[in-house]
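Some notes on the structure that comes next.
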Amino acid sequence: MISALQKAYEEEISLTGKEIIKQIIDNANIAEKEEVPMCQDTGFTVVFVELGQDVHIEGGSFEDAIYEGVRRGYTEGYLRKSIVRHPLDRVNTGDNTPAVVYYKLVPGDKLKIMVAPKGGGSENMSAIKMLKPAEGVEGVKQFVLDTVLAAGPNPCPPIIVGVGIGGTFEKAALLAKESLLRAVGKPNPSPELADLERELLISINKLGIGPQGLGGRITALAVHVEVFPTHIASLPVAVNINCHASRHKEIIL
Amino acid sequence: MLENISMTPIRLKTPVTDDIIKQLRIGQKVLINGFLYTGRDAAHAKLVALIDNGQDLPITLNGQIIYYAGPSPAKPGRIIGSVGPTTSGRMDLYAPKLIALGLKGMVGKGKRSPEVIKAIKQYNSVYFAAVGGAAALISKTVKQCEVVAYPELGPEAIYRLAVEDFPVIVVNDTQGGDLYEEGIKMYAATS
Ligand code: SF4
């Protein structure tokens with residue numbers, strides 16, 4: 001992330017934009033040195049679990065253990081509690097639980113847990129659309145650009161843009177989110193998709209939104225695309241935006 | 001006009017007067033000194049309910065600046081946790097009423113509604129952007145922090161922050177200028 005920001009600092013032509021990127025880099029350094037959150041929005045905890053099919057979990061509920069981890073992490077780590085118990089009555093749960101947990105059953109005897117807290121500002125600017133297959137790759141590109149333009153300053157640019165294409169309605173959204181787990185700017189292994197990522201990044205950065213939306217050439221640091229087979233009648237596209245406060249951690253047990 | 005904006009920041013001290021606010025122009029860097037009052041959706045809803053009922057507010061708005069923010073908890077021995085701006089658009093429904101009561105400035109991130117931009121022009125107020133996500137850096141400019149209203153709201157309470165050189169950029173000024181519009185126009189590439 002820091003190296004992506006450093007490169008962005010070199011490339012930004014707006015002086016205000018440059019100064020903002022510098023503040024973001026300084027902020028990350030302060031946060032690391034003083035062990036404080038880089039952003040006060042320490043997010044909704046999203047957890048991706050890859051469970052080896054030979055693993056047997058004993059001694060209680062696995063999901064409860066994850067929630068307990070979140071509870072302790074957010075309380076003992078002085079992180080902000082940003083979760084409400086019900087979307088309509090909006091009473092804070094007080095300990096940032098529950099988490100959003102996804103499970104994948106994989107071969108082997110290992111347990112991999114990836115934690116990716118997600119800020120509200122960038123999540124709110126994400127979008128999904130069921131395109132017509134005839135709209136093709138041009139339709140996909142247009143939807144990505146429209147979404148980033150509509151998001152403007154709200155997700156705290158420079159951003160990372162996760163794009164999920166194909167599958168079903170919810171699968172596309174999940175693909176977009178999973179793409180954000182990749183190291184920033186690491187291209188998709190498929191050469192065609194890597195080309196699409198590069199092309200989208202160039203088009204996004206031509207929009208002029210710039211750091212914090214105040215004008216400039218660095219709106220996104222990277223675009224990550226993931227695809228999945230889809231129905232003959234469908235072309236779902238999801239765009240999940242992540243901010244520069246992209247925080248990930250993984251552990252393998 | 002954006003090209004001619006100086007990179008040297010202007011120092012501003014609260015409470016601020018109309019004369020000072022009227023001189024600010026989009027793109028200018030400003031360092032705020034004095035006090036900022038934090039407020040998010042929940043606190044705004046309460047303030048506006050009081051205004052609508054003709055009741056007194058727990059804080060004086062005249063000449064003051066509101067900061068759209070909800071800090072993370074302070075670690076032991078610290079004044080405040082990380083405290084960056086939240087998305088201002090969520091306060092758009094409430095802001096014009098506070099501006100009409102003399103609120104001279106707002107600090108947040110993201111675009112404002114046409115109603116807010118109109119109120120800014122009409123009543124001589126200003127909207128500043130702080131750098132979203134630069135919350136640890138911003139917290140260093142906070143020298144004192146005290147809850148002045150609605151402690152039950154936790155991070156959404158109204159805190160009074162004493163700040164020194166709190167860095168912001170002018171986005172909407174009394175001339176009707178909007179840096180989000182102008183900045184994009186200036187840097188969009190056609191080819
Ligand atoms: S969008 Fe990201 S950087 Fe901005 S306030 Fe939210 S979590 Fe922080």
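Letters A, B, ... mark the chains of the structure tokens in the order given; residue numbers begin at 1 per chain; ligand numbers begin at 1, in order shown.
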- Using only C-alpha atoms and all ligand atoms, which protein or nucleic acid residues are at most 7 Å from ligand 1, as a VMD selection string? (chain A and resid 39 to 43 118 to 122 154 to 156 242 to 245) or (chain B and resid 84 to 86 132 to 133)
- Which residues of chain A are close to chain B, meaning at most 7 Å apart when you count only C-alpha atoms, and how do they look as a list of chain:residue names?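 On the chain A side, the interface is A:Ile20, A:Gln23, A:Ile24, A:Asn27, A:Ile30, A:Ala31, A:Val36, A:Pro37, A:Met38, A:Cys39, A:Gln40, A:Tyr78, A:Leu79, A:Arg80, A:Gly121, A:Pro153, A:Asn154, A:Cys156, A:Lys206, A:Leu207, A:Gly208, A:Ile209, A:Gln212, A:Gly213, A:Leu214, A:Gly215, A:Gly216, A:Arg217, A:Ala245.
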- Message: Report, in Å to a single decimal, how far apart atom CA of A:Met1 and atom CA of A:Lys33 are.
- Response: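 Between these atoms lies a distance of 16.2 Å.
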- Item | Residue neighbourhood B:Ile117, 8 Å, only C-alpha atoms, exclusion window fewer than 5 positions, as number ranges by chain | B: 112, 172, 176
- Task: Name the residues of chain B that fall into alpha helix (DSSP H) according to DSSP on the backbone, using the chain letters and numbers of this document, as a count of residues only.
- Result: 48
- Using DSSP on the backbone, list every residue of stretch 18-183 of chain A that comes out as strand (DSSP E), and give them as number ranges by chain. A: 46-52, 100-106, 111-115, 127-131, 159-167
Could those selected residues go to a file with N, CA, C and O atoms, as a compact mmCIF listing (two decimals), in the first residue's frame?
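Below is the file result_15.txt, written as the result:
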```
# COMPACT_ATOMS: atom_id res chain seq x y z
N VAL A 46 -15.09 -8.10 8.17
CA VAL A 46 -15.45 -9.11 7.19
C VAL A 46 -14.37 -10.19 7.28
O VAL A 46 -13.18 -9.90 7.24
N VAL A 47 -14.82 -11.44 7.45
CA VAL A 47 -13.87 -12.53 7.65
C VAL A 47 -14.08 -13.59 6.57
O VAL A 47 -15.20 -14.04 6.34
N PHE A 48 -12.98 -13.96 5.92
CA PHE A 48 -13.04 -15.04 4.94
C PHE A 48 -12.33 -16.25 5.54
O PHE A 48 -11.14 -16.16 5.88
N VAL A 49 -13.06 -17.33 5.67
CA VAL A 49 -12.49 -18.53 6.28
C VAL A 49 -12.33 -19.60 5.20
O VAL A 49 -13.27 -19.87 4.45
N GLU A 50 -11.12 -20.16 5.10
CA GLU A 50 -10.93 -21.32 4.24
C GLU A 50 -10.66 -22.51 5.15
O GLU A 50 -9.62 -22.59 5.79
N LEU A 51 -11.63 -23.39 5.19
CA LEU A 51 -11.55 -24.51 6.12
C LEU A 51 -11.15 -25.76 5.35
O LEU A 51 -11.86 -26.18 4.42
N GLY A 52 -10.01 -26.35 5.74
CA GLY A 52 -9.59 -27.62 5.14
C GLY A 52 -10.61 -28.69 5.51
O GLY A 52 -11.09 -28.74 6.65
N VAL A 100 -19.20 -10.25 9.49
CA VAL A 100 -19.73 -10.92 8.30
C VAL A 100 -18.73 -12.01 7.96
O VAL A 100 -17.55 -11.71 7.72
N VAL A 101 -19.16 -13.27 7.99
CA VAL A 101 -18.20 -14.37 7.81
C VAL A 101 -18.56 -15.19 6.58
O VAL A 101 -19.73 -15.57 6.38
N TYR A 102 -17.56 -15.44 5.74
CA TYR A 102 -17.74 -16.32 4.58
C TYR A 102 -16.89 -17.56 4.75
O TYR A 102 -15.72 -17.47 5.15
N TYR A 103 -17.47 -18.71 4.42
CA TYR A 103 -16.74 -19.97 4.56
C TYR A 103 -16.51 -20.61 3.21
O TYR A 103 -17.40 -20.59 2.35
N LYS A 104 -15.33 -21.19 3.03
CA LYS A 104 -15.06 -21.95 1.83
C LYS A 104 -14.43 -23.26 2.30
O LYS A 104 -13.51 -23.25 3.12
N LEU A 105 -14.97 -24.36 1.80
CA LEU A 105 -14.41 -25.66 2.17
C LEU A 105 -13.35 -26.01 1.12
O LEU A 105 -13.62 -26.00 -0.08
N VAL A 106 -12.13 -26.27 1.58
CA VAL A 106 -11.03 -26.56 0.64
C VAL A 106 -10.35 -27.88 1.03
O VAL A 106 -10.49 -28.33 2.17
N LEU A 111 -6.46 -24.33 8.36
CA LEU A 111 -7.55 -23.38 8.55
C LEU A 111 -6.97 -21.99 8.29
O LEU A 111 -6.05 -21.57 8.98
N LYS A 112 -7.50 -21.31 7.26
CA LYS A 112 -6.99 -19.98 6.94
C LYS A 112 -8.07 -18.96 7.24
O LYS A 112 -9.22 -19.11 6.83
N ILE A 113 -7.69 -17.93 7.98
CA ILE A 113 -8.65 -16.89 8.34
C ILE A 113 -8.12 -15.54 7.85
O ILE A 113 -7.02 -15.14 8.20
N MET A 114 -8.89 -14.90 6.99
CA MET A 114 -8.50 -13.58 6.50
C MET A 114 -9.47 -12.55 7.05
O MET A 114 -10.68 -12.71 6.90
N VAL A 115 -8.93 -11.50 7.65
CA VAL A 115 -9.78 -10.47 8.23
C VAL A 115 -9.61 -9.18 7.43
O VAL A 115 -8.49 -8.73 7.21
N ALA A 127 -21.65 -0.58 -5.98
CA ALA A 127 -22.89 -0.75 -6.74
C ALA A 127 -22.87 -2.05 -7.54
O ALA A 127 -21.81 -2.62 -7.80
N ILE A 128 -24.05 -2.51 -7.89
CA ILE A 128 -24.17 -3.73 -8.69
C ILE A 128 -25.22 -3.50 -9.77
O ILE A 128 -26.17 -2.75 -9.57
N LYS A 129 -25.01 -4.13 -10.94
CA LYS A 129 -25.99 -3.98 -12.02
C LYS A 129 -26.05 -5.27 -12.83
O LYS A 129 -25.02 -5.89 -13.08
N MET A 130 -27.24 -5.65 -13.21
CA MET A 130 -27.41 -6.81 -14.07
C MET A 130 -27.46 -6.30 -15.51
O MET A 130 -28.49 -5.76 -15.95
N LEU A 131 -26.35 -6.41 -16.23
CA LEU A 131 -26.30 -5.91 -17.61
C LEU A 131 -26.92 -6.93 -18.54
O LEU A 131 -27.09 -8.10 -18.19
N ILE A 159 -8.57 5.37 -4.32
CA ILE A 159 -9.28 4.16 -3.97
C ILE A 159 -8.71 2.93 -4.67
O ILE A 159 -7.88 3.06 -5.57
N ILE A 160 -9.18 1.78 -4.26
CA ILE A 160 -8.91 0.54 -4.97
C ILE A 160 -10.28 0.05 -5.42
O ILE A 160 -11.23 0.05 -4.64
N VAL A 161 -10.37 -0.31 -6.70
CA VAL A 161 -11.67 -0.66 -7.27
C VAL A 161 -11.72 -2.17 -7.49
O VAL A 161 -10.92 -2.71 -8.26
N GLY A 162 -12.63 -2.83 -6.81
CA GLY A 162 -12.81 -4.27 -6.98
C GLY A 162 -13.99 -4.51 -7.91
O GLY A 162 -15.07 -3.96 -7.69
N VAL A 163 -13.78 -5.30 -8.96
CA VAL A 163 -14.85 -5.55 -9.93
C VAL A 163 -15.11 -7.05 -10.02
O VAL A 163 -14.18 -7.83 -10.23
N GLY A 164 -16.36 -7.44 -9.84
CA GLY A 164 -16.75 -8.83 -10.01
C GLY A 164 -17.66 -8.93 -11.23
O GLY A 164 -18.64 -8.20 -11.32
N ILE A 165 -17.32 -9.83 -12.15
CA ILE A 165 -18.14 -9.97 -13.37
C ILE A 165 -18.60 -11.42 -13.47
O ILE A 165 -17.79 -12.34 -13.38
N GLY A 166 -19.89 -11.62 -13.67
CA GLY A 166 -20.42 -12.96 -13.88
C GLY A 166 -21.05 -13.56 -12.63
O GLY A 166 -21.31 -12.86 -11.65
N GLY A 167 -21.32 -14.87 -12.70
CA GLY A 167 -22.00 -15.55 -11.60
C GLY A 167 -23.46 -15.12 -11.53
O GLY A 167 -24.09 -14.82 -12.55
```
